[in-house]
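K.L.:
This is the structure I want to talk about, given as structure tokens.
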Amino acid sequence: MIYSEDDFISISALAHFLYCNRRCALIHIEQIWTENLFTAEGRIMHEHVHQEGYESRGNIYTEHGVPLKSLRLGLIGKADLIEFHLLDKEKRQPYPVEYKRGKPKKDNSDKVQLCAQAICLEEMQYVDIPEGALYYGKNRRRQTVIFDNALREETAKTAERVHVLINSGITPAAVYSQKCDSCSLFEICMPKVINRKQTVEKYLRSMQRP
Ligand code: SF4
């Protein structure tokens, strides 16, 4: 399937969706965003890395804040950093690197986000990108991510599901779990209060009724 640019969704929506589909809907359907300490630290880190520009060190040439899009997955976004590893005078291998504030997650959300960046780059530059890396601020380590078929399939499937969710315009019900405690939308989402399929807007309106 080929998406039109009007239907593009943000690459970051994939990671939000895998973290919690209600969080994805709150941000990308209801346009709600609040910050807590974690997201503020993450935002500052990304703003720093995203400053557009390039540099060259040895056989590696790097570009920051690279615009990305994929017609096939209907995605748009920006890469923190793309390294270009010079293989010979003619050939350079793109290698996406995504910066994360915390530590490696148990779920695949960061890997899917990085893989989506690689798929965009492959489509834009007609290249194959076999791997990239996630850099975690907590342990200051890089984790190599291999873009194998399973991860590519999961990324494409997630993009498809996010398109369906956003097109539906329906915010899924809140289901309280441990991850809610570190979610920046906890106060607005009210996962312990709202347990039916309703938007935050509807809930707030119902609360205002006499
Ligand atoms: S508080 Fe919990 S249910 Fe609500 S958006 Fe965050 S993670 Fe999802």
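Convention: chains lettered A, B, ... in structure tokens order; per-chain residue numbering from 1; ligands numbered from 1 as shown.
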Using only C-alpha atoms and all ligand atoms, what are the residues with an atom within 8 Å of ligand 1, set out as an mmCIF file with all heavy atoms, in the first residue's frame?

P.N.:
data_model
loop_
_atom_site.group_PDB
_atom_site.id
_atom_site.type_symbol
_atom_site.label_atom_id
_atom_site.label_comp_id
_atom_site.auth_asym_id
_atom_site.auth_seq_id
_atom_site.Cartn_x
_atom_site.Cartn_y
_atom_site.Cartn_z
ATOM 1 N N TYR A 19 4.120 1.307 23.688
ATOM 2 C CA TYR A 19 4.161 1.549 25.138
ATOM 3 C C TYR A 19 2.754 1.410 25.705
ATOM 4 O O TYR A 19 2.521 0.726 26.695
ATOM 5 C CB TYR A 19 4.720 2.946 25.403
ATOM 6 C CG TYR A 19 4.886 3.295 26.861
ATOM 7 C CD1 TYR A 19 5.986 2.835 27.578
ATOM 8 C CD2 TYR A 19 3.945 4.078 27.516
ATOM 9 C CE1 TYR A 19 6.141 3.153 28.921
ATOM 10 C CE2 TYR A 19 4.100 4.403 28.865
ATOM 11 C CZ TYR A 19 5.193 3.933 29.559
ATOM 12 O OH TYR A 19 5.354 4.256 30.886
ATOM 13 N N CYS A 20 1.795 2.077 25.034
ATOM 14 C CA CYS A 20 0.395 2.007 25.465
ATOM 15 C C CYS A 20 -0.451 2.629 24.356
ATOM 16 O O CYS A 20 -0.205 3.777 23.964
ATOM 17 C CB CYS A 20 0.227 2.788 26.771
ATOM 18 S SG CYS A 20 -1.498 3.158 27.169
ATOM 19 N N ASN A 21 -1.431 1.863 23.848
ATOM 20 C CA ASN A 21 -2.190 2.404 22.708
ATOM 21 C C ASN A 21 -3.071 3.590 23.107
ATOM 22 O O ASN A 21 -3.341 4.476 22.304
ATOM 23 C CB ASN A 21 -2.974 1.321 21.954
ATOM 24 C CG ASN A 21 -3.827 0.495 22.867
ATOM 25 O OD1 ASN A 21 -4.187 0.930 23.948
ATOM 26 N ND2 ASN A 21 -4.147 -0.714 22.430
ATOM 27 N N ARG A 22 -3.457 3.646 24.389
ATOM 28 C CA ARG A 22 -4.223 4.822 24.837
ATOM 29 C C ARG A 22 -3.322 6.066 24.826
ATOM 30 O O ARG A 22 -3.736 7.142 24.424
ATOM 31 C CB ARG A 22 -4.780 4.581 26.250
ATOM 32 C CG ARG A 22 -5.549 5.778 26.805
ATOM 33 C CD ARG A 22 -6.286 5.355 28.064
ATOM 34 N NE ARG A 22 -6.793 6.477 28.815
ATOM 35 C CZ ARG A 22 -7.951 7.094 28.568
ATOM 36 N NH1 ARG A 22 -8.703 6.696 27.568
ATOM 37 N NH2 ARG A 22 -8.353 8.087 29.324
ATOM 38 N N ARG A 23 -2.080 5.908 25.267
ATOM 39 C CA ARG A 23 -1.139 7.041 25.252
ATOM 40 C C ARG A 23 -0.960 7.556 23.818
ATOM 41 O O ARG A 23 -0.943 8.754 23.558
ATOM 42 C CB ARG A 23 0.203 6.582 25.835
ATOM 43 C CG ARG A 23 1.269 7.674 25.860
ATOM 44 C CD ARG A 23 2.534 7.152 26.554
ATOM 45 N NE ARG A 23 3.675 8.005 26.301
ATOM 46 C CZ ARG A 23 3.966 9.101 27.005
ATOM 47 N NH1 ARG A 23 3.209 9.454 28.000
ATOM 48 N NH2 ARG A 23 5.016 9.830 26.719
ATOM 49 N N CYS A 24 -0.844 6.614 22.882
ATOM 50 C CA CYS A 24 -0.700 6.990 21.470
ATOM 51 C C CYS A 24 -1.910 7.810 21.013
ATOM 52 O O CYS A 24 -1.775 8.847 20.363
ATOM 53 C CB CYS A 24 -0.561 5.724 20.628
ATOM 54 S SG CYS A 24 -0.392 6.044 18.879
ATOM 55 N N LEU A 26 -4.073 9.493 22.933
ATOM 56 C CA LEU A 26 -4.148 10.782 23.634
ATOM 57 C C LEU A 26 -3.245 11.813 22.949
ATOM 58 O O LEU A 26 -3.621 12.969 22.768
ATOM 59 C CB LEU A 26 -3.748 10.621 25.106
ATOM 60 C CG LEU A 26 -4.727 9.847 25.992
ATOM 61 C CD1 LEU A 26 -4.156 9.623 27.383
ATOM 62 C CD2 LEU A 26 -6.056 10.588 26.102
ATOM 63 N N ALA A 173 -9.785 2.425 25.878
ATOM 64 C CA ALA A 173 -9.996 2.514 27.332
ATOM 65 C C ALA A 173 -8.670 2.451 28.079
ATOM 66 O O ALA A 173 -7.707 1.858 27.605
ATOM 67 C CB ALA A 173 -10.871 1.349 27.774
ATOM 68 N N ALA A 174 -8.658 3.076 29.247
ATOM 69 C CA ALA A 174 -7.458 3.030 30.083
ATOM 70 C C ALA A 174 -7.407 1.697 30.814
ATOM 71 O O ALA A 174 -8.421 1.221 31.320
ATOM 72 C CB ALA A 174 -7.492 4.170 31.089
ATOM 73 N N VAL A 175 -6.241 1.103 30.833
ATOM 74 C CA VAL A 175 -6.040 -0.108 31.629
ATOM 75 C C VAL A 175 -4.837 0.172 32.525
ATOM 76 O O VAL A 175 -3.721 0.339 32.033
ATOM 77 C CB VAL A 175 -5.766 -1.335 30.731
ATOM 78 C CG1 VAL A 175 -5.549 -2.581 31.585
ATOM 79 C CG2 VAL A 175 -6.894 -1.538 29.738
ATOM 80 N N TYR A 176 -5.091 0.259 33.814
ATOM 81 C CA TYR A 176 -3.998 0.615 34.725
ATOM 82 C C TYR A 176 -2.977 -0.508 34.813
ATOM 83 O O TYR A 176 -3.322 -1.671 34.917
ATOM 84 C CB TYR A 176 -4.540 0.934 36.126
ATOM 85 C CG TYR A 176 -3.416 1.225 37.091
ATOM 86 C CD1 TYR A 176 -2.764 2.453 37.056
ATOM 87 C CD2 TYR A 176 -2.977 0.259 37.985
ATOM 88 C CE1 TYR A 176 -1.697 2.718 37.903
ATOM 89 C CE2 TYR A 176 -1.912 0.515 38.840
ATOM 90 C CZ TYR A 176 -1.272 1.745 38.791
ATOM 91 O OH TYR A 176 -0.208 1.995 39.611
ATOM 92 N N SER A 177 -1.683 -0.141 34.720
ATOM 93 C CA SER A 177 -0.607 -1.108 34.955
ATOM 94 C C SER A 177 0.583 -0.344 35.525
ATOM 95 O O SER A 177 0.547 0.886 35.634
ATOM 96 C CB SER A 177 -0.220 -1.828 33.660
ATOM 97 O OG SER A 177 0.378 -0.909 32.774
ATOM 98 N N GLN A 178 1.643 -1.078 35.808
ATOM 99 C CA GLN A 178 2.815 -0.472 36.457
ATOM 100 C C GLN A 178 3.390 0.684 35.654
ATOM 101 O O GLN A 178 3.840 1.682 36.206
ATOM 102 C CB GLN A 178 3.864 -1.555 36.629
ATOM 103 C CG GLN A 178 4.657 -1.389 37.902
ATOM 104 C CD GLN A 178 5.709 -2.475 38.019
ATOM 105 O OE1 GLN A 178 5.718 -3.437 37.235
ATOM 106 N NE2 GLN A 178 6.582 -2.340 38.977
ATOM 107 N N LYS A 179 3.357 0.564 34.314
ATOM 108 C CA LYS A 179 3.991 1.602 33.488
ATOM 109 C C LYS A 179 3.260 2.946 33.601
ATOM 110 O O LYS A 179 3.835 3.985 33.306
ATOM 111 C CB LYS A 179 4.085 1.156 32.030
ATOM 112 C CG LYS A 179 2.784 0.937 31.335
ATOM 113 C CD LYS A 179 3.020 0.314 29.971
ATOM 114 C CE LYS A 179 1.698 -0.161 29.404
ATOM 115 N NZ LYS A 179 1.849 -0.997 28.238
ATOM 116 N N CYS A 180 1.989 2.910 34.051
ATOM 117 C CA CYS A 180 1.227 4.162 34.201
ATOM 118 C C CYS A 180 1.928 5.093 35.189
ATOM 119 O O CYS A 180 1.851 6.309 35.047
ATOM 120 C CB CYS A 180 -0.186 3.884 34.701
ATOM 121 S SG CYS A 180 -1.172 2.919 33.547
ATOM 122 N N ASP A 181 2.601 4.519 36.190
ATOM 123 C CA ASP A 181 3.218 5.342 37.231
ATOM 124 C C ASP A 181 4.326 6.240 36.696
ATOM 125 O O ASP A 181 4.631 7.262 37.287
ATOM 126 C CB ASP A 181 3.753 4.459 38.370
ATOM 127 C CG ASP A 181 2.619 3.700 39.043
ATOM 128 O OD1 ASP A 181 1.475 4.202 39.010
ATOM 129 O OD2 ASP A 181 2.862 2.598 39.564
ATOM 130 N N SER A 182 4.944 5.862 35.567
ATOM 131 C CA SER A 182 5.981 6.750 35.016
ATOM 132 C C SER A 182 5.518 7.402 33.717
ATOM 133 O O SER A 182 6.313 7.966 32.977
ATOM 134 C CB SER A 182 7.290 5.983 34.817
ATOM 135 O OG SER A 182 7.050 4.801 34.118
ATOM 136 N N CYS A 183 4.226 7.330 33.434
ATOM 137 C CA CYS A 183 3.681 7.939 32.208
ATOM 138 C C CYS A 183 3.396 9.422 32.463
ATOM 139 O O CYS A 183 2.725 9.774 33.431
ATOM 140 C CB CYS A 183 2.401 7.206 31.800
ATOM 141 S SG CYS A 183 1.577 7.954 30.389
ATOM 142 N N SER A 184 3.855 10.275 31.568
ATOM 143 C CA SER A 184 3.680 11.730 31.744
ATOM 144 C C SER A 184 2.207 12.135 31.629
ATOM 145 O O SER A 184 1.835 13.226 32.019
ATOM 146 C CB SER A 184 4.509 12.484 30.707
ATOM 147 O OG SER A 184 4.047 12.169 29.413
ATOM 148 N N LEU A 185 1.366 11.236 31.068
ATOM 149 C CA LEU A 185 -0.054 11.575 30.887
ATOM 150 C C LEU A 185 -0.937 11.031 32.010
ATOM 151 O O LEU A 185 -2.161 11.078 31.908
ATOM 152 C CB LEU A 185 -0.550 11.041 29.531
ATOM 153 C CG LEU A 185 0.184 11.595 28.304
ATOM 154 C CD1 LEU A 185 -0.420 11.030 27.024
ATOM 155 C CD2 LEU A 185 0.137 13.112 28.268
ATOM 156 N N PHE A 186 -0.324 10.549 33.066
ATOM 157 C CA PHE A 186 -1.092 9.902 34.142
ATOM 158 C C PHE A 186 -2.214 10.797 34.676
ATOM 159 O O PHE A 186 -3.362 10.374 34.794
ATOM 160 C CB PHE A 186 -0.140 9.512 35.290
ATOM 161 C CG PHE A 186 -0.812 8.755 36.385
ATOM 162 C CD1 PHE A 186 -0.923 7.377 36.334
ATOM 163 C CD2 PHE A 186 -1.371 9.421 37.467
ATOM 164 C CE1 PHE A 186 -1.551 6.675 37.346
ATOM 165 C CE2 PHE A 186 -2.011 8.720 38.479
ATOM 166 C CZ PHE A 186 -2.094 7.351 38.422
ATOM 167 N N GLU A 187 -1.895 12.052 34.957
ATOM 168 C CA GLU A 187 -2.881 12.971 35.547
ATOM 169 C C GLU A 187 -4.070 13.200 34.620
ATOM 170 O O GLU A 187 -5.209 13.317 35.058
ATOM 171 C CB GLU A 187 -2.232 14.331 35.851
ATOM 172 C CG GLU A 187 -1.076 14.282 36.836
ATOM 173 C CD GLU A 187 -1.541 13.976 38.243
ATOM 174 O OE1 GLU A 187 -2.679 14.317 38.560
ATOM 175 O OE2 GLU A 187 -0.755 13.366 39.005
ATOM 176 N N ILE A 188 -3.780 13.282 33.315
ATOM 177 C CA ILE A 188 -4.845 13.539 32.343
ATOM 178 C C ILE A 188 -5.584 12.249 31.992
ATOM 179 O O ILE A 188 -6.797 12.224 31.853
ATOM 180 C CB ILE A 188 -4.243 14.167 31.070
ATOM 181 C CG1 ILE A 188 -3.809 15.595 31.392
ATOM 182 C CG2 ILE A 188 -5.202 14.137 29.897
ATOM 183 C CD1 ILE A 188 -3.075 16.276 30.288
ATOM 184 N N CYS A 189 -4.843 11.174 31.888
ATOM 185 C CA CYS A 189 -5.428 9.892 31.486
ATOM 186 C C CYS A 189 -6.340 9.314 32.566
ATOM 187 O O CYS A 189 -7.380 8.743 32.270
ATOM 188 C CB CYS A 189 -4.299 8.916 31.177
ATOM 189 S SG CYS A 189 -4.836 7.232 30.998
ATOM 190 N N MET A 190 -5.943 9.489 33.803
ATOM 191 C CA MET A 190 -6.674 8.983 34.956
ATOM 192 C C MET A 190 -7.004 7.497 34.811
ATOM 193 O O MET A 190 -8.172 7.096 34.795
ATOM 194 C CB MET A 190 -7.951 9.806 35.164
ATOM 195 C CG MET A 190 -7.654 11.243 35.525
ATOM 196 S SD MET A 190 -9.109 12.291 35.564
ATOM 197 C CE MET A 190 -9.328 12.669 33.850
ATOM 198 N N PRO A 191 -5.994 6.654 34.670
ATOM 199 C CA PRO A 191 -6.248 5.239 34.390
ATOM 200 C C PRO A 191 -7.002 4.509 35.491
ATOM 201 O O PRO A 191 -7.583 3.452 35.245
ATOM 202 C CB PRO A 191 -4.838 4.662 34.206
ATOM 203 C CG PRO A 191 -3.948 5.587 34.957
ATOM 204 C CD PRO A 191 -4.562 6.943 34.825
#

K.L.:
For Asp110 (chain A), please output as an MDAnalysis selection string all residues within 12 Å (counting only C-alpha atoms; exclusion window: fewer than 4 positions along the same chain).

P.N.:
chainID A and resid 11:19 97:106 114:117 132:136 143:145 151 155

K.L.:
Please report, as a ChimeraX atom specification, each residue of chain A to which DSSP assigns alpha helix (DSSP H) when run on this structure's backbone.

P.N.:
/A:12-19,21-28,37-50,109-125,149-168,186-189,200-208

K.L.:
For Pro94 (chain A), list every protein, DNA or RNA residue within 8 Å, evaluated using only C-alpha atoms, and leave out those in the same chain fewer than 5 positions away; present the list as a list in words.

P.N.:
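Neighbouring residues, sequence-local ones excluded: Ile82, Glu83, Phe84, His85 and Ile129 of chain A.
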
K.L.:
Identify which of the residues A:Val193, A:Val164, A:Leu71, A:Ile2 lies closest to Met124 (chain A), counting only C-alpha atoms when measuring atom-to-atom distances.

P.N.:
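Smallest distance to Met124 (chain A) is found for A:Leu71.
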
K.L.:
Let me make sure I understand: among A:Asp88, A:Pro96, A:Ser4, A:Pro130, which one has the smallest atom-to-atom distance to Gly65 (chain A) if we use only C-alpha atoms?

P.N.:
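Result for the nearest residue to Gly65 (chain A): A:Pro96.
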
K.L.:
Could you give me the residues within chain A that DSSP places in strand (DSSP E), as a PyMOL selection string?

P.N.:
chain A and resi 9-10+53-57+60-70+75-86+92-100+131-136+141-146

K.L.:
Between CA of Asn108 (chain A) and CA of Glu154 (chain A), what distance in Å does the model show, to one decimal?

P.N.:
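CA of Asn108 (chain A) sits 9.1 Å away from CA of Glu154 (chain A).
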
K.L.:
Name the closest residue to Ile60 (chain A) among the candidates A:Gln125, A:Thr158, A:Gln93, A:Gln31; distances are taken between atoms, counting only C-alpha atoms.

P.N.:
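Result for the nearest residue to Ile60 (chain A): A:Gln93.
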
K.L.:
For Leu75 (chain A), which residue among A:Lys138, A:Pro172, A:Cys120, A:Trp33 is the nearest when counting only C-alpha atoms?

P.N.:
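Of all the options, A:Cys120 lies closest to Leu75 (chain A).
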
K.L.:
So the first atom is CA of Ile166 (chain A) and the second is CA of His28 (chain A); what is the distance between them in Å, to one decimal place?

P.N.:
7.0 Å

K.L.:
Closest to Arg57 (chain A) among A:Ile76, A:Leu81, A:Leu86, A:Ala159, using only C-alpha atoms?

P.N.:
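Once distances to Arg57 (chain A) are computed over only C-alpha atoms, the minimum belongs to A:Leu86.
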